[in-house]
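Everything on this sheet refers to the single structure shown next.
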Amino acid sequence: MKAIAIISGGLDSSLAIKAIQLQNIEVIAVHFLIPFVMNTKESIHEAAAKKITEHLNCEFKLVVLDEAYLEMFRNPNHGYGGNLNPCIDCKILMLKHAKKIMQESGASFVVTGEVLGQRPMSQNKQALAAIEKESGLDGLLLRPLSAKLLPETIPQREGWLKEEYLFDFSGRSRKPQIGLAANWGITDYPWPAGGCLLTDPHFCIRLADLIKYDECTRENIELLKLGRHFRINDKTKLILGRNSQENEKLLRLIKDGDITFEPNSLPGPTAILRGNITQGDKDSACRLIARYTSKDKPVEVKMSGLGLLDEEIIIAEPYIEEEIQKIRI
Ligand code: SF4
């Protein structure tokens with residue numbers, strides 16, 4: 001028998017996998033990569049998930065959710081949590097994909113590391129029931145860590161599982177999980193710091209600006225993960241690197257129509273201007289570059305981009321702090 005488990009990279013999903021493996025059921029661990037993690041090449045969570053599946057000796061599958069995620073994110077049926085985190089709809093979307101993998105791979109049920117009451121929005125009894133129903137996994141979604149507190153699932157009813165590997169954990173305390181990990185000899189489990197960017201209030205301020213101006217695209221979300229952001233007007237935004245690493249990353253994220261700015265002969269930031277760009281917007285961008293290059297002296301700023309025939313150089317007066325405050329996001 002086989003089961004599909006969603007693995008986040010944290011302790012709970014690792015324990016849920018182990019609880020199923022101990023019953024001689026093969027587990028395929030699926031990690032979902034969403035647009036709102038820090039580094040989409042290999043996020044800290046993806047790396048942690050891979051490491052734990054190696055340790056647990058189970059198959060690892062990565063599923064990238066891009067457009068499907070954004071479509072859900074723009075209009076989540078169950079709304080957002082404390083920030084812009086649509087946790088209930090996010091889980092439903094992941095579980096719908098897990099169900100498909102279950103059917104394709106001949107697995108019999110799906111497992112998650114959810115713990116009753118651990119998160120107020122998405123892990124209360126009602127939310128857990130809605131997630132199960134709306135993902136189409138009625139009776140086939142097992143949460144081993146809280147299984148004894150939740151309605152019986154088909155795997156339990158059919159006797160596929162031993163009671164001793166199902167638990168009654170609830171609430172926010174991690175002590176029972178830590179104790180269980182110690183009992184099972186899982187000592188080197190990953191516990192990545194930080195989480196989904198949708199729970200980060202600072203990130204969500206920038207994201208709310210994108211939503212307000214209807215600019216919530218994959219490319220714009222990537223830009224939100226770095227630099228200083230300025231709303232020049234309803235149609236134009238400037239993103240400015242805070243260090244040489246960010247300057248380089250910004251240059252890799254340029255798209256058609258963007259204009260880039262940097263000081264002509266001094267060390268300083270690189271910036272991308274994106275939107276429906278006017279001469280006034282270019283002037284503002286040059287003044288921002290000047291402000292973050294010299295603070296109070298005029299600076300020669302170089303502009304380049306696919307939208308310009310040649311490189312242009314402008315001498316710009318730095319913005320003063322009050323002007324910056326009005327446009328900084
Ligand atoms: S915290 Fe982020 S990844 Fe986790 S369920 Fe909520 S929206 Fe999804």
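Convention: chains lettered A, B, ... in structure tokens order; per-chain residue numbering from 1; ligands numbered from 1 as shown.
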
Subject >> Site check for ligand 1: residues at most 7 Å away, only C-alpha atoms and all ligand atoms, as an MDAnalysis selection string >> reply: chainID A and resid 85:88 90:91 195:199

Only N, CA and C atoms, please: the residues just picked out, written as a PDB file, in the first residue's frame.
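Here's the written file again-v9.pdb:
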ATOM      1  N   ASN A  85      -2.400  35.889   3.852  1.00  0.00           N
ATOM      2  CA  ASN A  85      -2.225  34.430   3.734  1.00  0.00           C
ATOM      3  C   ASN A  85      -3.576  33.716   3.578  1.00  0.00           C
ATOM      4  N   PRO A  86      -3.841  33.201   2.390  1.00  0.00           N
ATOM      5  CA  PRO A  86      -5.118  32.505   2.177  1.00  0.00           C
ATOM      6  C   PRO A  86      -4.975  31.031   2.549  1.00  0.00           C
ATOM      7  N   CYS A  87      -4.673  30.765   3.827  1.00  0.00           N
ATOM      8  CA  CYS A  87      -4.225  29.414   4.213  1.00  0.00           C
ATOM      9  C   CYS A  87      -5.209  28.306   3.838  1.00  0.00           C
ATOM     10  N   ILE A  88      -6.504  28.537   4.033  1.00  0.00           N
ATOM     11  CA  ILE A  88      -7.453  27.444   3.774  1.00  0.00           C
ATOM     12  C   ILE A  88      -7.462  27.107   2.282  1.00  0.00           C
ATOM     13  N   CYS A  90      -5.175  27.798   0.132  1.00  0.00           N
ATOM     14  CA  CYS A  90      -3.837  27.314  -0.226  1.00  0.00           C
ATOM     15  C   CYS A  90      -3.757  25.803  -0.003  1.00  0.00           C
ATOM     16  N   LYS A  91      -4.253  25.363   1.156  1.00  0.00           N
ATOM     17  CA  LYS A  91      -4.207  23.921   1.456  1.00  0.00           C
ATOM     18  C   LYS A  91      -5.121  23.134   0.535  1.00  0.00           C
ATOM     19  N   GLY A 195       8.997  31.796   7.217  1.00  0.00           N
ATOM     20  CA  GLY A 195       8.012  30.930   6.572  1.00  0.00           C
ATOM     21  C   GLY A 195       7.566  31.529   5.274  1.00  0.00           C
ATOM     22  N   CYS A 196       6.314  31.280   4.991  1.00  0.00           N
ATOM     23  CA  CYS A 196       5.688  31.785   3.778  1.00  0.00           C
ATOM     24  C   CYS A 196       5.652  33.324   3.861  1.00  0.00           C
ATOM     25  N   LEU A 197       6.014  33.979   2.778  1.00  0.00           N
ATOM     26  CA  LEU A 197       6.056  35.446   2.777  1.00  0.00           C
ATOM     27  C   LEU A 197       4.677  36.066   2.981  1.00  0.00           C
ATOM     28  N   LEU A 198       3.641  35.287   2.750  1.00  0.00           N
ATOM     29  CA  LEU A 198       2.279  35.823   2.918  1.00  0.00           C
ATOM     30  C   LEU A 198       1.919  36.038   4.383  1.00  0.00           C
ATOM     31  N   THR A 199       2.777  35.555   5.284  1.00  0.00           N
ATOM     32  CA  THR A 199       2.531  35.824   6.703  1.00  0.00           C
ATOM     33  C   THR A 199       3.474  36.917   7.222  1.00  0.00           C
TER      34      THR A 199
END

Subject >> Residues within 9 Å of Leu251 (chain A), only C-alpha atoms, excluding chain neighbours under 6 positions, as a PyMOL selection string >> reply: chain A and resi 260+270-272

Subject >> d(CA of Gly257 (chain A), CA of Arg291 (chain A)) in Å >> reply: 24.1 Å

Original post:
From the list A:Asp209, A:Glu312, A:Glu163, A:Glu46, which residue is nearest Cys286 (chain A) when using only C-alpha atoms?
Top reply: A:Glu312

What's around region 106-121 of chain A at 7 Å? Count only C-alpha atoms, leave out sequence neighbours fewer than 3 positions away in its own chain, and write the answer as a PDB file with all heavy atoms, in the first residue's frame.
ATOM      1  N   MET A   1       0.844  -1.207   0.000  1.00  0.00           N
ATOM      2  CA  MET A   1       0.000   0.000   0.000  1.00  0.00           C
ATOM      3  C   MET A   1       0.876   1.253   0.000  1.00  0.00           C
ATOM      4  O   MET A   1       1.969   1.252   0.550  1.00  0.00           O
ATOM      5  CB  MET A   1      -0.906  -0.023   1.242  1.00  0.00           C
ATOM      6  CG  MET A   1      -1.836   1.164   1.291  1.00  0.00           C
ATOM      7  SD  MET A   1      -3.036   1.046   2.618  1.00  0.00           S
ATOM      8  CE  MET A   1      -4.194  -0.124   1.941  1.00  0.00           C
ATOM      9  N   LYS A   2       0.336   2.297  -0.648  1.00  0.00           N
ATOM     10  CA  LYS A   2       1.088   3.553  -0.773  1.00  0.00           C
ATOM     11  C   LYS A   2       0.250   4.722  -0.278  1.00  0.00           C
ATOM     12  O   LYS A   2      -0.979   4.689  -0.409  1.00  0.00           O
ATOM     13  CB  LYS A   2       1.339   3.802  -2.263  1.00  0.00           C
ATOM     14  CG  LYS A   2       2.788   3.723  -2.691  1.00  0.00           C
ATOM     15  CD  LYS A   2       2.938   4.172  -4.111  1.00  0.00           C
ATOM     16  CE  LYS A   2       2.853   3.029  -5.089  1.00  0.00           C
ATOM     17  NZ  LYS A   2       2.901   3.399  -6.482  1.00  0.00           N
ATOM     18  N   ALA A   3       0.912   5.754   0.242  1.00  0.00           N
ATOM     19  CA  ALA A   3       0.200   6.989   0.607  1.00  0.00           C
ATOM     20  C   ALA A   3       0.995   8.185   0.083  1.00  0.00           C
ATOM     21  O   ALA A   3       2.214   8.097  -0.100  1.00  0.00           O
ATOM     22  CB  ALA A   3       0.058   7.082   2.120  1.00  0.00           C
ATOM     23  N   ILE A   4       0.289   9.265  -0.165  1.00  0.00           N
ATOM     24  CA  ILE A   4       0.938  10.519  -0.562  1.00  0.00           C
ATOM     25  C   ILE A   4       0.980  11.412   0.667  1.00  0.00           C
ATOM     26  O   ILE A   4      -0.049  11.580   1.343  1.00  0.00           O
ATOM     27  CB  ILE A   4       0.109  11.242  -1.661  1.00  0.00           C
ATOM     28  CG1 ILE A   4      -0.106  10.335  -2.865  1.00  0.00           C
ATOM     29  CG2 ILE A   4       0.772  12.569  -2.064  1.00  0.00           C
ATOM     30  CD1 ILE A   4       1.145   9.861  -3.550  1.00  0.00           C
ATOM     31  N   ALA A   5       2.142  11.997   0.965  1.00  0.00           N
ATOM     32  CA  ALA A   5       2.210  12.908   2.111  1.00  0.00           C
ATOM     33  C   ALA A   5       2.672  14.277   1.627  1.00  0.00           C
ATOM     34  O   ALA A   5       3.579  14.378   0.801  1.00  0.00           O
ATOM     35  CB  ALA A   5       3.194  12.370   3.144  1.00  0.00           C
ATOM     36  N   ILE A   6       2.027  15.305   2.148  1.00  0.00           N
ATOM     37  CA  ILE A   6       2.507  16.657   1.840  1.00  0.00           C
ATOM     38  C   ILE A   6       3.602  16.986   2.841  1.00  0.00           C
ATOM     39  O   ILE A   6       3.398  16.877   4.054  1.00  0.00           O
ATOM     40  CB  ILE A   6       1.359  17.679   1.919  1.00  0.00           C
ATOM     41  CG1 ILE A   6       0.333  17.360   0.836  1.00  0.00           C
ATOM     42  CG2 ILE A   6       1.901  19.092   1.769  1.00  0.00           C
ATOM     43  CD1 ILE A   6      -0.725  18.398   0.633  1.00  0.00           C
ATOM     44  N   ASP A  12       6.388  18.649  11.849  1.00  0.00           N
ATOM     45  CA  ASP A  12       5.092  17.957  11.872  1.00  0.00           C
ATOM     46  C   ASP A  12       4.897  17.043  10.662  1.00  0.00           C
ATOM     47  O   ASP A  12       4.461  15.894  10.801  1.00  0.00           O
ATOM     48  CB  ASP A  12       3.941  18.975  11.948  1.00  0.00           C
ATOM     49  CG  ASP A  12       3.945  19.730  13.267  1.00  0.00           C
ATOM     50  OD1 ASP A  12       4.695  19.326  14.177  1.00  0.00           O
ATOM     51  OD2 ASP A  12       3.215  20.724  13.377  1.00  0.00           O
ATOM     52  N   SER A  13       5.209  17.566   9.476  1.00  0.00           N
ATOM     53  CA  SER A  13       4.985  16.716   8.297  1.00  0.00           C
ATOM     54  C   SER A  13       5.994  15.559   8.286  1.00  0.00           C
ATOM     55  O   SER A  13       5.676  14.459   7.806  1.00  0.00           O
ATOM     56  CB  SER A  13       5.037  17.517   6.999  1.00  0.00           C
ATOM     57  OG  SER A  13       6.205  18.274   6.904  1.00  0.00           O
ATOM     58  N   ALA A  16       4.476  12.965  10.516  1.00  0.00           N
ATOM     59  CA  ALA A  16       3.317  12.326   9.874  1.00  0.00           C
ATOM     60  C   ALA A  16       3.791  11.254   8.895  1.00  0.00           C
ATOM     61  O   ALA A  16       3.224  10.163   8.822  1.00  0.00           O
ATOM     62  CB  ALA A  16       2.476  13.390   9.167  1.00  0.00           C
ATOM     63  N   GLY A  81      -5.840  35.312   6.105  1.00  0.00           N
ATOM     64  CA  GLY A  81      -5.605  35.250   7.551  1.00  0.00           C
ATOM     65  C   GLY A  81      -5.168  36.617   8.061  1.00  0.00           C
ATOM     66  O   GLY A  81      -5.560  37.653   7.517  1.00  0.00           O
ATOM     67  N   MET A 102      -2.129  11.034  -6.077  1.00  0.00           N
ATOM     68  CA  MET A 102      -2.581   9.774  -5.439  1.00  0.00           C
ATOM     69  C   MET A 102      -3.217   8.861  -6.494  1.00  0.00           C
ATOM     70  O   MET A 102      -2.878   7.674  -6.581  1.00  0.00           O
ATOM     71  CB  MET A 102      -3.610  10.116  -4.347  1.00  0.00           C
ATOM     72  CG  MET A 102      -4.262   8.925  -3.688  1.00  0.00           C
ATOM     73  SD  MET A 102      -5.591   9.424  -2.558  1.00  0.00           S
ATOM     74  CE  MET A 102      -7.000   9.431  -3.671  1.00  0.00           C
ATOM     75  N   GLN A 103      -4.087   9.449  -7.302  1.00  0.00           N
ATOM     76  CA  GLN A 103      -4.778   8.631  -8.317  1.00  0.00           C
ATOM     77  C   GLN A 103      -3.794   8.111  -9.358  1.00  0.00           C
ATOM     78  O   GLN A 103      -3.841   6.954  -9.756  1.00  0.00           O
ATOM     79  CB  GLN A 103      -5.889   9.454  -8.972  1.00  0.00           C
ATOM     80  CG  GLN A 103      -7.051   9.696  -8.019  1.00  0.00           C
ATOM     81  CD  GLN A 103      -8.003  10.783  -8.488  1.00  0.00           C
ATOM     82  OE1 GLN A 103      -7.619  11.680  -9.242  1.00  0.00           O
ATOM     83  NE2 GLN A 103      -9.240  10.732  -8.031  1.00  0.00           N
ATOM     84  N   ASN A 124      -8.498  24.817  12.741  1.00  0.00           N
ATOM     85  CA  ASN A 124      -9.590  24.518  13.673  1.00  0.00           C
ATOM     86  C   ASN A 124     -10.448  23.410  13.041  1.00  0.00           C
ATOM     87  O   ASN A 124     -10.284  23.103  11.859  1.00  0.00           O
ATOM     88  CB  ASN A 124     -10.405  25.781  13.993  1.00  0.00           C
ATOM     89  CG  ASN A 124     -11.030  26.378  12.746  1.00  0.00           C
ATOM     90  OD1 ASN A 124     -11.788  25.716  12.045  1.00  0.00           O
ATOM     91  ND2 ASN A 124     -10.681  27.618  12.420  1.00  0.00           N
ATOM     92  N   LYS A 125     -11.373  22.835  13.823  1.00  0.00           N
ATOM     93  CA  LYS A 125     -12.129  21.668  13.330  1.00  0.00           C
ATOM     94  C   LYS A 125     -12.884  21.965  12.045  1.00  0.00           C
ATOM     95  O   LYS A 125     -12.874  21.181  11.097  1.00  0.00           O
ATOM     96  CB  LYS A 125     -13.098  21.176  14.409  1.00  0.00           C
ATOM     97  CG  LYS A 125     -12.509  20.021  15.177  1.00  0.00           C
ATOM     98  CD  LYS A 125     -13.548  19.274  15.970  1.00  0.00           C
ATOM     99  CE  LYS A 125     -12.828  18.102  16.627  1.00  0.00           C
ATOM    100  NZ  LYS A 125     -13.407  17.558  17.773  1.00  0.00           N
ATOM    101  N   LEU A 140     -10.428  10.414   2.871  1.00  0.00           N
ATOM    102  CA  LEU A 140      -9.109   9.916   2.441  1.00  0.00           C
ATOM    103  C   LEU A 140      -7.971  10.857   2.827  1.00  0.00           C
ATOM    104  O   LEU A 140      -6.868  10.758   2.313  1.00  0.00           O
ATOM    105  CB  LEU A 140      -9.114   9.705   0.917  1.00  0.00           C
ATOM    106  CG  LEU A 140      -9.987   8.544   0.437  1.00  0.00           C
ATOM    107  CD1 LEU A 140     -10.028   8.480  -1.073  1.00  0.00           C
ATOM    108  CD2 LEU A 140      -9.462   7.205   1.000  1.00  0.00           C
ATOM    109  N   LEU A 141      -8.278  11.774   3.720  1.00  0.00           N
ATOM    110  CA  LEU A 141      -7.236  12.694   4.182  1.00  0.00           C
ATOM    111  C   LEU A 141      -6.942  12.374   5.648  1.00  0.00           C
ATOM    112  O   LEU A 141      -7.778  12.592   6.531  1.00  0.00           O
ATOM    113  CB  LEU A 141      -7.710  14.150   4.024  1.00  0.00           C
ATOM    114  CG  LEU A 141      -6.766  15.224   4.527  1.00  0.00           C
ATOM    115  CD1 LEU A 141      -5.384  15.080   3.910  1.00  0.00           C
ATOM    116  CD2 LEU A 141      -7.321  16.601   4.221  1.00  0.00           C
ATOM    117  N   LEU A 142      -5.761  11.854   5.893  1.00  0.00           N
ATOM    118  CA  LEU A 142      -5.393  11.437   7.248  1.00  0.00           C
ATOM    119  C   LEU A 142      -4.401  12.431   7.847  1.00  0.00           C
ATOM    120  O   LEU A 142      -3.399  12.773   7.225  1.00  0.00           O
ATOM    121  CB  LEU A 142      -4.747  10.043   7.199  1.00  0.00           C
ATOM    122  CG  LEU A 142      -4.333   9.519   8.576  1.00  0.00           C
ATOM    123  CD1 LEU A 142      -5.535   8.960   9.334  1.00  0.00           C
ATOM    124  CD2 LEU A 142      -3.252   8.454   8.448  1.00  0.00           C
ATOM    125  N   ARG A 143      -4.715  12.872   9.072  1.00  0.00           N
ATOM    126  CA  ARG A 143      -3.779  13.734   9.815  1.00  0.00           C
ATOM    127  C   ARG A 143      -3.325  12.933  11.029  1.00  0.00           C
ATOM    128  O   ARG A 143      -3.949  13.006  12.106  1.00  0.00           O
ATOM    129  CB  ARG A 143      -4.493  15.009  10.256  1.00  0.00           C
ATOM    130  CG  ARG A 143      -4.763  16.002   9.119  1.00  0.00           C
ATOM    131  CD  ARG A 143      -6.209  16.316   8.931  1.00  0.00           C
ATOM    132  NE  ARG A 143      -6.405  17.451   8.032  1.00  0.00           N
ATOM    133  CZ  ARG A 143      -7.592  17.816   7.570  1.00  0.00           C
ATOM    134  NH1 ARG A 143      -8.692  17.161   7.896  1.00  0.00           N
ATOM    135  NH2 ARG A 143      -7.685  18.841   6.762  1.00  0.00           N
ATOM    136  N   LEU A 145      -1.190  13.085  13.340  1.00  0.00           N
ATOM    137  CA  LEU A 145      -0.833  13.682  14.634  1.00  0.00           C
ATOM    138  C   LEU A 145      -2.064  14.058  15.464  1.00  0.00           C
ATOM    139  O   LEU A 145      -1.978  14.182  16.680  1.00  0.00           O
ATOM    140  CB  LEU A 145       0.075  14.907  14.435  1.00  0.00           C
ATOM    141  CG  LEU A 145       1.383  14.651  13.669  1.00  0.00           C
ATOM    142  CD1 LEU A 145       2.262  15.886  13.653  1.00  0.00           C
ATOM    143  CD2 LEU A 145       2.169  13.478  14.260  1.00  0.00           C
ATOM    144  N   SER A 146      -3.201  14.252  14.792  1.00  0.00           N
ATOM    145  CA  SER A 146      -4.436  14.575  15.530  1.00  0.00           C
ATOM    146  C   SER A 146      -5.561  13.598  15.205  1.00  0.00           C
ATOM    147  O   SER A 146      -6.725  13.865  15.519  1.00  0.00           O
ATOM    148  CB  SER A 146      -4.903  15.993  15.171  1.00  0.00           C
ATOM    149  OG  SER A 146      -3.994  16.956  15.645  1.00  0.00           O
ATOM    150  N   PHE A 169      -2.659  14.923  19.334  1.00  0.00           N
ATOM    151  CA  PHE A 169      -2.004  16.204  19.586  1.00  0.00           C
ATOM    152  C   PHE A 169      -2.949  17.343  19.194  1.00  0.00           C
ATOM    153  O   PHE A 169      -3.658  17.262  18.182  1.00  0.00           O
ATOM    154  CB  PHE A 169      -0.729  16.362  18.744  1.00  0.00           C
ATOM    155  CG  PHE A 169       0.332  15.328  19.026  1.00  0.00           C
ATOM    156  CD1 PHE A 169       1.390  15.162  18.136  1.00  0.00           C
ATOM    157  CD2 PHE A 169       0.279  14.537  20.164  1.00  0.00           C
ATOM    158  CE1 PHE A 169       2.375  14.219  18.375  1.00  0.00           C
ATOM    159  CE2 PHE A 169       1.268  13.583  20.415  1.00  0.00           C
ATOM    160  CZ  PHE A 169       2.314  13.426  19.512  1.00  0.00           C
ATOM    161  N   SER A 170      -2.908  18.414  19.998  1.00  0.00           N
ATOM    162  CA  SER A 170      -3.686  19.593  19.626  1.00  0.00           C
ATOM    163  C   SER A 170      -3.024  20.828  20.221  1.00  0.00           C
ATOM    164  O   SER A 170      -2.232  20.725  21.162  1.00  0.00           O
ATOM    165  CB  SER A 170      -5.129  19.479  20.122  1.00  0.00           C
ATOM    166  OG  SER A 170      -5.154  19.580  21.526  1.00  0.00           O
ATOM    167  N   GLY A 171      -3.345  21.975  19.669  1.00  0.00           N
ATOM    168  CA  GLY A 171      -2.851  23.238  20.214  1.00  0.00           C
ATOM    169  C   GLY A 171      -1.497  23.631  19.656  1.00  0.00           C
ATOM    170  O   GLY A 171      -0.928  22.957  18.799  1.00  0.00           O
ATOM    171  N   ARG A 172      -1.004  24.732  20.201  1.00  0.00           N
ATOM    172  CA  ARG A 172       0.192  25.345  19.632  1.00  0.00           C
ATOM    173  C   ARG A 172       1.497  24.799  20.198  1.00  0.00           C
ATOM    174  O   ARG A 172       2.562  25.025  19.641  1.00  0.00           O
ATOM    175  CB  ARG A 172       0.140  26.859  19.854  1.00  0.00           C
ATOM    176  CG  ARG A 172      -1.088  27.485  19.197  1.00  0.00           C
ATOM    177  CD  ARG A 172      -1.173  28.954  19.504  1.00  0.00           C
ATOM    178  NE  ARG A 172      -0.257  29.697  18.651  1.00  0.00           N
ATOM    179  CZ  ARG A 172      -0.607  30.278  17.525  1.00  0.00           C
ATOM    180  NH1 ARG A 172      -1.840  30.220  17.104  1.00  0.00           N
ATOM    181  NH2 ARG A 172       0.272  30.940  16.804  1.00  0.00           N
TER     182      ARG A 172
END
